[in-house]
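Okay, data_25.cif is below, mmCIF, C-alpha atoms and all ligand atoms:
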```cif
data_protein
loop_
_atom_site.label_atom_id
_atom_site.label_comp_id
_atom_site.auth_asym_id
_atom_site.auth_seq_id
_atom_site.Cartn_x
_atom_site.Cartn_y
_atom_site.Cartn_z
CA MET C 1 47.50 8.53 -24.06
CA ASN C 2 49.57 11.19 -22.38
CA THR C 3 49.10 14.91 -22.12
CA THR C 4 52.09 15.58 -24.34
CA THR C 5 50.35 13.76 -27.17
CA ALA C 6 47.15 15.64 -26.44
CA HIS C 7 48.82 19.02 -26.55
CA HIS C 8 50.80 18.05 -29.59
CA THR C 9 47.57 17.06 -31.35
CA MET C 10 45.77 20.18 -30.21
CA THR C 11 48.43 22.52 -31.52
CA THR C 12 49.18 20.77 -34.80
CA MET C 13 45.80 19.62 -36.09
CA THR C 14 43.94 22.16 -38.15
CA ARG C 15 40.15 22.44 -38.15
CA GLU C 16 40.06 20.97 -41.65
CA GLU C 17 42.23 18.02 -40.61
CA LEU C 18 39.96 17.39 -37.63
CA LEU C 19 36.84 17.47 -39.82
CA SER C 20 38.38 15.13 -42.33
CA GLU C 21 39.50 12.63 -39.64
CA ILE C 22 36.01 12.72 -38.10
CA ALA C 23 34.49 11.92 -41.50
CA ALA C 24 36.99 9.08 -42.06
CA ARG C 25 35.95 7.54 -38.73
CA LYS C 26 32.18 7.61 -39.28
CA PRO C 27 29.70 6.49 -38.12
CA TRP C 28 29.59 8.31 -34.79
CA TYR C 29 27.05 7.08 -32.28
CA GLN C 30 27.60 10.19 -30.15
CA ARG C 31 28.06 13.89 -30.79
CA ILE C 32 31.42 14.71 -29.21
CA GLU C 33 32.16 18.41 -28.87
CA PHE C 34 35.55 19.97 -29.59
CA PRO C 35 34.98 23.51 -28.33
CA GLU C 36 38.51 24.66 -29.21
CA TYR C 37 37.69 24.02 -32.87
CA GLY C 38 33.95 24.85 -32.83
CA VAL C 39 33.37 21.36 -34.23
CA THR C 40 31.37 18.27 -33.23
CA THR C 41 31.59 14.74 -34.59
CA THR C 42 28.10 14.94 -36.08
CA ASP C 43 27.88 18.48 -37.49
CA ASP C 44 27.60 16.63 -40.80
CA ILE C 45 24.54 14.35 -40.49
CA GLU C 46 26.32 11.86 -42.77
CA ASN C 47 28.65 11.11 -39.85
CA ALA C 48 25.84 10.20 -37.43
CA TYR C 49 24.91 6.59 -36.70
CA PRO C 50 21.60 6.31 -38.54
CA ASP C 51 19.16 4.75 -36.11
CA ARG C 52 16.06 6.31 -34.57
CA ALA C 53 17.69 7.26 -31.25
CA PRO C 54 14.37 6.94 -29.39
CA ASP C 55 15.80 7.96 -26.03
CA ASN C 56 16.94 11.28 -27.51
CA GLN C 57 13.69 12.06 -29.33
CA VAL C 58 12.79 14.71 -26.77
CA GLU C 59 11.11 18.08 -27.24
CA GLY C 60 9.71 17.16 -30.66
CA LEU C 61 13.00 16.14 -32.28
CA SER C 62 12.65 13.95 -35.36
CA PRO C 63 14.47 10.57 -35.40
CA GLU C 64 17.13 12.05 -37.70
CA GLN C 65 17.68 15.06 -35.44
CA ALA C 66 17.80 12.80 -32.37
CA ALA C 67 20.44 10.55 -33.98
CA GLN C 68 22.51 13.57 -35.00
CA GLN C 69 22.37 15.25 -31.59
CA ARG C 70 22.63 12.12 -29.43
CA PRO C 71 23.17 12.19 -26.49
CA VAL C 72 22.95 15.98 -26.02
CA PRO C 73 19.12 16.02 -25.67
CA LYS C 74 19.16 13.47 -22.84
CA TRP C 75 22.24 15.07 -21.24
CA LYS C 76 20.26 18.32 -20.84
CA HIS C 77 17.90 16.37 -18.58
CA ILE C 78 20.52 14.19 -16.81
CA GLU C 79 22.74 17.17 -16.00
CA GLY C 80 19.92 18.70 -13.97
CA VAL C 81 19.46 15.64 -11.73
CA LEU C 82 23.06 14.42 -11.45
CA PRO C 83 24.80 14.63 -8.05
CA ASP C 84 27.79 16.96 -7.85
CA VAL C 85 30.70 15.00 -9.41
CA GLN C 86 33.40 17.45 -8.35
CA GLY C 87 36.36 15.48 -6.93
CA LEU C 88 34.64 12.08 -7.40
CA ASP C 89 35.96 8.79 -8.80
CA VAL C 90 33.49 7.94 -11.56
CA LEU C 91 32.87 4.73 -13.53
CA GLU C 92 30.85 4.85 -16.73
CA VAL C 93 29.57 1.52 -18.02
CA GLY C 94 28.98 1.48 -21.79
CA SER C 95 30.95 4.67 -22.41
CA ASN C 96 30.74 4.40 -26.20
CA CYS C 97 32.49 7.42 -27.81
CA GLY C 98 33.08 8.99 -24.40
CA PHE C 99 30.46 11.78 -24.29
CA PHE C 100 29.41 11.38 -20.65
CA SER C 101 32.92 10.54 -19.42
CA PHE C 102 34.16 13.80 -20.94
CA LYS C 103 31.29 15.72 -19.33
CA PHE C 104 32.16 14.27 -15.89
CA ALA C 105 35.79 15.35 -16.39
CA GLN C 106 34.66 18.84 -17.39
CA LEU C 107 32.47 18.97 -14.27
CA GLY C 108 35.53 18.30 -12.09
CA ALA C 109 35.57 14.52 -11.51
CA LYS C 110 38.92 13.41 -10.10
CA ARG C 111 39.07 10.22 -12.19
CA VAL C 112 36.77 8.79 -14.85
CA VAL C 113 36.96 5.19 -16.08
CA GLY C 114 34.86 4.28 -19.12
CA LEU C 115 34.10 0.65 -20.05
CA ASP C 116 32.88 -0.68 -23.36
CA VAL C 117 33.08 -3.93 -25.32
CA VAL C 118 33.14 -2.61 -28.88
CA PRO C 119 36.71 -1.85 -30.04
CA LYS C 120 35.51 0.71 -32.59
CA TRP C 121 33.74 2.79 -29.92
CA LEU C 122 36.72 2.53 -27.58
CA ASP C 123 38.99 3.68 -30.38
CA HIS C 124 36.71 6.67 -31.05
CA ALA C 125 36.67 7.59 -27.36
CA ARG C 126 40.45 7.36 -27.00
CA TRP C 127 41.03 9.36 -30.17
CA CYS C 128 38.66 12.10 -28.97
CA ASN C 129 40.46 12.20 -25.66
CA GLU C 130 43.80 12.69 -27.38
CA ILE C 131 42.34 15.91 -28.74
CA LEU C 132 40.46 16.95 -25.60
CA GLY C 133 43.40 16.07 -23.32
CA HIS C 134 41.54 14.90 -20.18
CA SER C 135 44.38 13.07 -18.43
CA GLN C 136 42.02 11.86 -15.68
CA VAL C 137 39.87 9.91 -18.19
CA SER C 138 40.70 6.39 -19.47
CA PHE C 139 38.75 3.85 -21.49
CA HIS C 140 38.93 0.07 -21.08
CA ASN C 141 37.71 -2.88 -23.10
CA CYS C 142 35.76 -4.65 -20.39
CA ASP C 143 32.46 -6.51 -20.32
CA PHE C 144 30.67 -5.41 -17.18
CA MET C 145 29.02 -8.84 -17.01
CA ASN C 146 32.39 -10.50 -16.28
CA PHE C 147 32.09 -12.67 -13.25
CA THR C 148 35.52 -11.94 -11.84
CA GLY C 149 37.88 -9.02 -11.81
CA ASP C 150 40.89 -11.21 -11.00
CA PRO C 151 43.03 -11.48 -14.17
CA SER C 152 44.64 -14.72 -12.97
CA GLU C 153 41.30 -16.53 -13.10
CA ALA C 154 39.50 -14.42 -15.65
CA HIS C 155 36.73 -15.99 -17.65
CA ASP C 156 35.62 -14.47 -20.89
CA GLY C 157 32.91 -11.87 -20.54
CA LEU C 158 29.45 -12.83 -21.64
CA LEU C 159 29.77 -10.60 -24.69
CA ARG C 160 33.34 -10.13 -25.80
CA HIS C 161 36.48 -8.38 -24.73
CA THR C 162 40.02 -8.36 -25.93
CA ASP C 163 42.29 -6.77 -23.44
CA SER C 164 42.21 -5.53 -19.91
CA HIS C 165 40.21 -6.81 -17.05
CA ILE C 166 40.07 -4.14 -14.45
CA PRO C 167 39.52 -5.11 -10.85
CA LEU C 168 35.99 -4.35 -9.78
CA PRO C 169 35.77 -5.00 -6.03
CA ASP C 170 33.30 -3.46 -3.57
CA ASP C 171 33.32 0.28 -2.90
CA THR C 172 35.60 1.15 -5.82
CA PHE C 173 33.97 4.25 -7.28
CA ASP C 174 32.08 7.18 -5.78
CA LEU C 175 29.62 7.30 -8.67
CA ILE C 176 28.74 4.66 -11.24
CA PHE C 177 26.87 5.85 -14.30
CA MET C 178 25.07 4.05 -17.09
CA SER C 179 22.98 5.47 -19.95
CA THR C 180 20.91 3.21 -22.22
CA VAL C 181 22.99 0.13 -21.45
CA LEU C 182 20.95 -1.79 -18.89
CA ASP C 183 18.30 -2.53 -21.52
CA HIS C 184 21.06 -4.16 -23.63
CA THR C 185 22.28 -6.48 -20.90
CA PHE C 186 21.31 -10.12 -20.63
CA PHE C 187 21.59 -10.17 -16.86
CA PRO C 188 20.29 -6.79 -15.72
CA PHE C 189 19.99 -7.88 -12.08
CA LEU C 190 23.66 -8.88 -12.01
CA VAL C 191 24.54 -5.51 -13.51
CA ILE C 192 22.45 -3.59 -10.96
CA TYR C 193 23.88 -5.70 -8.13
CA LYS C 194 27.47 -5.08 -9.24
CA MET C 195 26.88 -1.35 -9.61
CA LEU C 196 25.37 -1.06 -6.14
CA ARG C 197 28.16 -3.14 -4.56
CA MET C 198 30.96 -1.25 -6.30
CA SER C 199 29.58 2.18 -5.50
CA ARG C 200 30.73 4.14 -2.47
CA ARG C 201 27.96 6.73 -2.81
CA TRP C 202 25.96 7.01 -6.04
CA VAL C 203 24.54 4.82 -8.79
CA VAL C 204 22.91 6.65 -11.70
CA ILE C 205 20.99 4.53 -14.21
CA ASP C 206 19.33 6.22 -17.17
CA GLY C 207 17.36 4.51 -19.88
CA PRO C 208 14.04 3.55 -21.40
CA VAL C 209 11.26 2.24 -19.17
CA ILE C 210 7.90 0.62 -19.76
CA ASN C 211 5.77 3.76 -19.67
CA THR C 212 3.25 3.15 -16.90
CA THR C 213 2.49 4.61 -13.49
CA LYS C 214 0.93 1.33 -12.27
CA ASP C 215 2.54 -0.40 -9.30
CA GLU C 216 3.41 -3.46 -11.36
CA ALA C 217 6.87 -5.00 -11.08
CA ILE C 218 7.28 -6.15 -14.69
CA MET C 219 10.30 -6.72 -16.89
CA LYS C 220 9.89 -7.32 -20.61
CA GLN C 221 12.40 -9.03 -22.83
CA GLY C 222 12.50 -7.97 -26.45
CA TYR C 223 14.60 -7.78 -29.51
CA ALA C 224 13.55 -5.32 -32.15
CA LEU C 225 15.42 -5.34 -35.45
CA ASP C 226 14.97 -1.58 -35.74
CA GLY C 227 17.07 -1.24 -32.61
CA ASN C 228 14.24 0.41 -30.74
CA ARG C 229 14.05 -2.03 -27.84
CA HIS C 230 16.96 -4.39 -27.37
CA GLY C 231 16.36 -6.44 -24.31
CA SER C 232 15.44 -5.92 -20.73
CA VAL C 233 13.02 -3.07 -20.09
CA PHE C 234 11.52 -2.48 -16.64
CA THR C 235 8.50 -0.63 -15.32
CA PRO C 236 9.52 2.22 -12.98
CA TYR C 237 8.00 0.18 -10.15
CA MET C 238 10.18 -2.80 -11.13
CA PHE C 239 13.23 -0.57 -10.70
CA ALA C 240 11.94 0.62 -7.31
CA MET C 241 11.36 -2.95 -6.10
CA THR C 242 14.72 -4.12 -7.45
CA PHE C 243 16.63 -1.39 -5.61
CA PHE C 244 14.62 -2.12 -2.47
CA ARG C 245 15.35 -5.86 -2.60
CA HIS C 246 19.04 -5.08 -3.08
CA GLY C 247 18.95 -3.31 0.26
CA ILE C 248 18.47 0.34 -0.72
CA PRO C 249 15.96 2.25 1.48
CA LYS C 250 13.08 3.59 -0.62
CA GLU C 251 13.81 7.21 0.31
CA ASP C 252 17.33 6.88 -1.15
CA VAL C 253 16.07 6.26 -4.71
CA HIS C 254 15.17 9.35 -6.75
CA ALA C 255 13.39 8.72 -10.05
CA HIS C 256 13.29 11.48 -12.67
CA ALA C 257 11.09 10.92 -15.73
CA TYR C 258 11.55 12.71 -19.05
CA ASN C 259 10.67 12.21 -22.71
CA ASN C 260 6.95 11.97 -21.75
CA GLY C 261 7.63 9.11 -19.34
CA GLU C 262 9.49 6.98 -21.92
CA ASN C 263 12.83 7.49 -20.16
CA MET C 264 13.91 7.73 -16.55
CA THR C 265 17.02 8.61 -14.63
CA PHE C 266 17.37 6.79 -11.31
CA VAL C 267 19.71 8.46 -8.85
CA VAL C 268 20.44 6.01 -6.04
CA ASP C 269 22.28 6.92 -2.86
CA THR C 270 24.03 3.73 -1.72
CA THR C 271 25.26 5.10 1.63
CA ASN C 272 22.62 3.25 3.66
CA MET C 273 22.56 0.04 1.60
CA ARG C 274 21.93 -3.01 3.77
CA LYS C 275 24.56 -5.74 3.75
CA GLY C 276 22.40 -8.38 2.16
CA LEU C 277 19.57 -8.98 -0.24
CA ILE C 278 16.04 -8.57 1.10
CA GLY C 279 13.48 -11.35 0.76
CA ALA C 280 15.90 -14.01 -0.54
C1 LIG F 301 22.88 1.96 -26.69
S1 LIG F 301 24.60 2.26 -26.46
C2 LIG F 301 24.56 3.63 -25.31
C3 LIG F 301 25.83 4.45 -25.39
C4 LIG F 301 25.90 5.63 -24.41
N1 LIG F 301 25.94 5.17 -23.03
C5 LIG F 301 24.77 6.59 -24.64
O1 LIG F 301 23.82 6.62 -23.86
O2 LIG F 301 24.85 7.35 -25.61
C6 LIG F 301 25.10 0.90 -25.42
C7 LIG F 301 26.63 0.87 -25.16
O3 LIG F 301 26.92 -0.05 -24.11
C8 LIG F 301 27.95 -0.93 -24.52
N2 LIG F 301 27.74 -2.20 -23.78
C9 LIG F 301 26.70 -3.08 -23.93
N3 LIG F 301 26.83 -4.10 -23.07
C10 LIG F 301 27.96 -3.88 -22.34
C11 LIG F 301 28.63 -4.61 -21.30
N4 LIG F 301 28.17 -5.78 -20.87
N5 LIG F 301 29.77 -4.08 -20.77
C12 LIG F 301 30.26 -2.91 -21.23
N6 LIG F 301 29.66 -2.18 -22.23
C13 LIG F 301 28.54 -2.66 -22.77
C14 LIG F 301 27.78 -1.00 -26.04
O4 LIG F 301 28.94 -1.43 -26.69
C15 LIG F 301 27.41 0.43 -26.38
O5 LIG F 301 28.53 1.28 -26.56
#
```

Would you mind writing the file's structure down as structure tokens?
Amino acid sequence: MNTTTAHHTMTTMTREELLSEIAARKPWYQRIEFPEYGVTTTDDIENAYPDRAPDNQVEGLSPEQAAQQRPVPKWKHIEGVLPDVQGLDVLEVGSNCGFFSFKFAQLGAKRVVGLDVVPKWLDHARWCNEILGHSQVSFHNCDFMNFTGDPSEAHDGLLRHTDSHIPLPDDTFDLIFMSTVLDHTFFPFLVIYKMLRMSRRWVVIDGPVINTTKDEAIMKQGYALDGNRHGSVFTPYMFAMTFFRHGIPKEDVHAHAYNNGENMTFVVDTTNMRKGLIGA
């Protein structure tokens, strides 16, 4: 995408054309806002991906309302605990239709890279960005569970991917963000490890947790056909211990619960990360 295309689209597409293209592209997993048109992708509930959106069922929203507004309800919480992204290089893992990547751009991030493995979601995100015109945002088809970032010796990702491998060495991004993706991953420890290694300053992980205040380091594996719980879900204490064993001092992990303790946002400062795993 280039800015010329974006401006061209912005000036030539009418509100009606935008609405009709949004409807043609349904379903939309995320509500993407087009303020210039006063339109979002899910104004019409028929366009919204019809699952129960448990992590957005906050403040008494019904499952239908949560699916229609996703991820605005959780963003209202995350925005309040997010470090200042002004001028930062940001990586979003599991960027879906681009909602959070666009927010980071609007908040002044210098560069935003979004990764996903589902071509349809990547296509939605790129199309939205043609209209929004954030030249600092790009989306890539990349499985974060790839073992190597070197294209000359690239193995297939553990899920699927079709085009670019992007190099993912140490200290590549200032902030690495992930919302409701870790619970989908088969190797959550690998994912956490990669995020911590690649981050120059911040790792922000948001998602469902096992709702308990007990000091029990437990991870549950599940697969629910209703899409409610996909895979790896941790207790908050499991997260704390995992960050600690990856070399993050306890005082550098800030845990923010919401949705009555069903969800948490972990804001991890990686500045003082030790160069080695603890207790191996
Ligand atoms: C439950 S959705 C969450 C979407 C978005 N982050 C949100 O909170 O609204 C999970 C997203 O992560 C993507 N995803 C899952 N595993 C991934 C992986 N290994 N690498 C990159 N993206 C992945 C999925 O394709 C999907 O778009």

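Between Gly247 in chain C and the candidates C:Asp269, C:Glu262, C:Asp123, C:Asp183, the tightest atom-to-atom separation, counting all atoms listed in the file, involves C:Asp269.
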
Exercise for the section: Could you check how far CA of Val113 in chain C sits from CA of Arg126 in chain C, in Å to one decimal? Expected result: 11.7 Å

Practice task
May I have the residues within 7 Å of ligand LIG 301 (chain F), computed using only C-alpha atoms and all ligand atoms, as a count of residues only?
Solution key: 23

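Distances from C:Val209, C:Thr172, C:Val81, C:Phe104 to Gly261 in chain C were compared using all atoms listed in the file, and the smallest one belongs to C:Val209.
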
Which polymer residues, protein or nucleic acid, are no farther than 8 Å from (42.0, 11.1, -19.0), counting all atoms listed in the file, as an mmCIF file with C-alpha atoms, keeping the file's coordinate frame?
```cif
data_model
loop_
_atom_site.group_PDB
_atom_site.id
_atom_site.type_symbol
_atom_site.label_atom_id
_atom_site.label_comp_id
_atom_site.auth_asym_id
_atom_site.auth_seq_id
_atom_site.Cartn_x
_atom_site.Cartn_y
_atom_site.Cartn_z
ATOM 1 C CA MET C 1 47.500 8.530 -24.060
ATOM 2 C CA ALA C 105 35.790 15.350 -16.390
ATOM 3 C CA ARG C 111 39.070 10.220 -12.190
ATOM 4 C CA VAL C 112 36.770 8.790 -14.850
ATOM 5 C CA ASN C 129 40.460 12.200 -25.660
ATOM 6 C CA GLY C 133 43.400 16.070 -23.320
ATOM 7 C CA HIS C 134 41.540 14.900 -20.180
ATOM 8 C CA SER C 135 44.380 13.070 -18.430
ATOM 9 C CA GLN C 136 42.020 11.860 -15.680
ATOM 10 C CA VAL C 137 39.870 9.910 -18.190
ATOM 11 C CA SER C 138 40.700 6.390 -19.470
#
```

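Here CA of Met13 in chain C is placed at a distance of 12.1 Å from CA of Leu132 in chain C.
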
Practice task
Name the residues in contact with range 52-60 of chain C at a cut-off of 12 Å, using only C-alpha atoms, excluding same-chain residues fewer than 3 positions from it; report them as a PyMOL selection string.
Solution key: chain C and resi 29-31+48-49+63-78+179-181+183+206-209+225-230+257-265

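CA of Phe102 in chain C is positioned 23.3 Å from CA of Glu46 in chain C.
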
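Taking only C-alpha atoms, the non-local environment of Val204 in chain C within 6 Å (same-chain residues fewer than 2 positions away omitted) comprises Phe177, Phe266 and Val267 of chain C.
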
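The smallest atom-to-atom distance between Ala280 in chain C and any of C:His246, C:Leu122, C:Asp252, C:Ile131, using all atoms listed in the file, is found for C:His246.
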
Give me, as JSON lines, the closest atom pair and its distance (Å, one decimal) for every residue of range 237-261 of chain C within a cut-off of 12 Å of range 270-277 of chain C, counting all atoms listed in the file, rows sorted by chain and rising number.
```
{"residue": "C:Met241", "atom": "CA", "partner": "C:Leu277", "partner_atom": "CA", "distance": 11.8}
{"residue": "C:Thr242", "atom": "CA", "partner": "C:Leu277", "partner_atom": "CA", "distance": 10.0}
{"residue": "C:Phe243", "atom": "CA", "partner": "C:Met273", "partner_atom": "CA", "distance": 9.4}
{"residue": "C:Phe244", "atom": "CA", "partner": "C:Leu277", "partner_atom": "CA", "distance": 8.7}
{"residue": "C:Arg245", "atom": "CA", "partner": "C:Leu277", "partner_atom": "CA", "distance": 5.8}
{"residue": "C:His246", "atom": "CA", "partner": "C:Leu277", "partner_atom": "CA", "distance": 4.9}
{"residue": "C:Gly247", "atom": "CA", "partner": "C:Arg274", "partner_atom": "CA", "distance": 4.6}
{"residue": "C:Ile248", "atom": "CA", "partner": "C:Met273", "partner_atom": "CA", "distance": 4.7}
{"residue": "C:Pro249", "atom": "CA", "partner": "C:Met273", "partner_atom": "CA", "distance": 7.0}
{"residue": "C:Lys250", "atom": "CA", "partner": "C:Met273", "partner_atom": "CA", "distance": 10.4}
{"residue": "C:Glu251", "atom": "CA", "partner": "C:Asn272", "partner_atom": "CA", "distance": 10.2}
{"residue": "C:Asp252", "atom": "CA", "partner": "C:Thr270", "partner_atom": "CA", "distance": 7.4}
{"residue": "C:Val253", "atom": "CA", "partner": "C:Thr270", "partner_atom": "CA", "distance": 8.9}
{"residue": "C:His254", "atom": "CA", "partner": "C:Thr270", "partner_atom": "CA", "distance": 11.6}
```

My structure is short of atoms at range 87-99 of chain C; please model N, CA, C and O atoms there, returning them as an mmCIF file, in the coordinates of the input.
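Writing done, so here's out-v4.cif:
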```cif
data_model
loop_
_atom_site.group_PDB
_atom_site.id
_atom_site.type_symbol
_atom_site.label_atom_id
_atom_site.label_comp_id
_atom_site.auth_asym_id
_atom_site.auth_seq_id
_atom_site.Cartn_x
_atom_site.Cartn_y
_atom_site.Cartn_z
ATOM 1 N N GLY C 87 35.442 16.235 -7.795
ATOM 2 C CA GLY C 87 36.360 15.480 -6.930
ATOM 3 C C GLY C 87 36.044 13.990 -6.808
ATOM 4 O O GLY C 87 36.697 13.287 -6.051
ATOM 5 N N LEU C 88 35.040 13.488 -7.554
ATOM 6 C CA LEU C 88 34.640 12.080 -7.400
ATOM 7 C C LEU C 88 35.402 11.161 -8.359
ATOM 8 O O LEU C 88 35.852 11.574 -9.432
ATOM 9 N N ASP C 89 35.489 9.890 -7.944
ATOM 10 C CA ASP C 89 35.960 8.790 -8.800
ATOM 11 C C ASP C 89 34.732 8.232 -9.507
ATOM 12 O O ASP C 89 33.827 7.714 -8.836
ATOM 13 N N VAL C 90 34.708 8.298 -10.829
ATOM 14 C CA VAL C 90 33.490 7.940 -11.560
ATOM 15 C C VAL C 90 33.769 6.764 -12.504
ATOM 16 O O VAL C 90 34.802 6.726 -13.172
ATOM 17 N N LEU C 91 32.836 5.814 -12.543
ATOM 18 C CA LEU C 91 32.870 4.730 -13.530
ATOM 19 C C LEU C 91 31.688 4.903 -14.458
ATOM 20 O O LEU C 91 30.551 5.072 -14.001
ATOM 21 N N GLU C 92 31.954 4.873 -15.765
ATOM 22 C CA GLU C 92 30.850 4.850 -16.730
ATOM 23 C C GLU C 92 30.826 3.502 -17.432
ATOM 24 O O GLU C 92 31.820 3.099 -18.051
ATOM 25 N N VAL C 93 29.712 2.820 -17.366
ATOM 26 C CA VAL C 93 29.570 1.520 -18.020
ATOM 27 C C VAL C 93 28.880 1.733 -19.371
ATOM 28 O O VAL C 93 27.801 2.321 -19.432
ATOM 29 N N GLY C 94 29.524 1.269 -20.438
ATOM 30 C CA GLY C 94 28.980 1.480 -21.790
ATOM 31 C C GLY C 94 29.282 2.886 -22.264
ATOM 32 O O GLY C 94 28.393 3.612 -22.705
ATOM 33 N N SER C 95 30.574 3.263 -22.198
ATOM 34 C CA SER C 95 30.950 4.670 -22.410
ATOM 35 C C SER C 95 30.956 5.084 -23.877
ATOM 36 O O SER C 95 31.067 6.282 -24.169
ATOM 37 N N ASN C 96 30.883 4.102 -24.785
ATOM 38 C CA ASN C 96 30.740 4.400 -26.200
ATOM 39 C C ASN C 96 31.830 5.375 -26.668
ATOM 40 O O ASN C 96 33.001 5.120 -26.449
ATOM 41 N N CYS C 97 31.469 6.489 -27.305
ATOM 42 C CA CYS C 97 32.490 7.420 -27.810
ATOM 43 C C CYS C 97 33.000 8.369 -26.737
ATOM 44 O O CYS C 97 33.810 9.254 -27.022
ATOM 45 N N GLY C 98 32.507 8.247 -25.523
ATOM 46 C CA GLY C 98 33.080 8.990 -24.400
ATOM 47 C C GLY C 98 32.322 10.233 -23.961
ATOM 48 O O GLY C 98 32.766 10.945 -23.052
ATOM 49 N N PHE C 99 31.165 10.509 -24.563
ATOM 50 C CA PHE C 99 30.460 11.780 -24.290
ATOM 51 C C PHE C 99 30.301 12.055 -22.796
ATOM 52 O O PHE C 99 30.717 13.103 -22.297
#
```
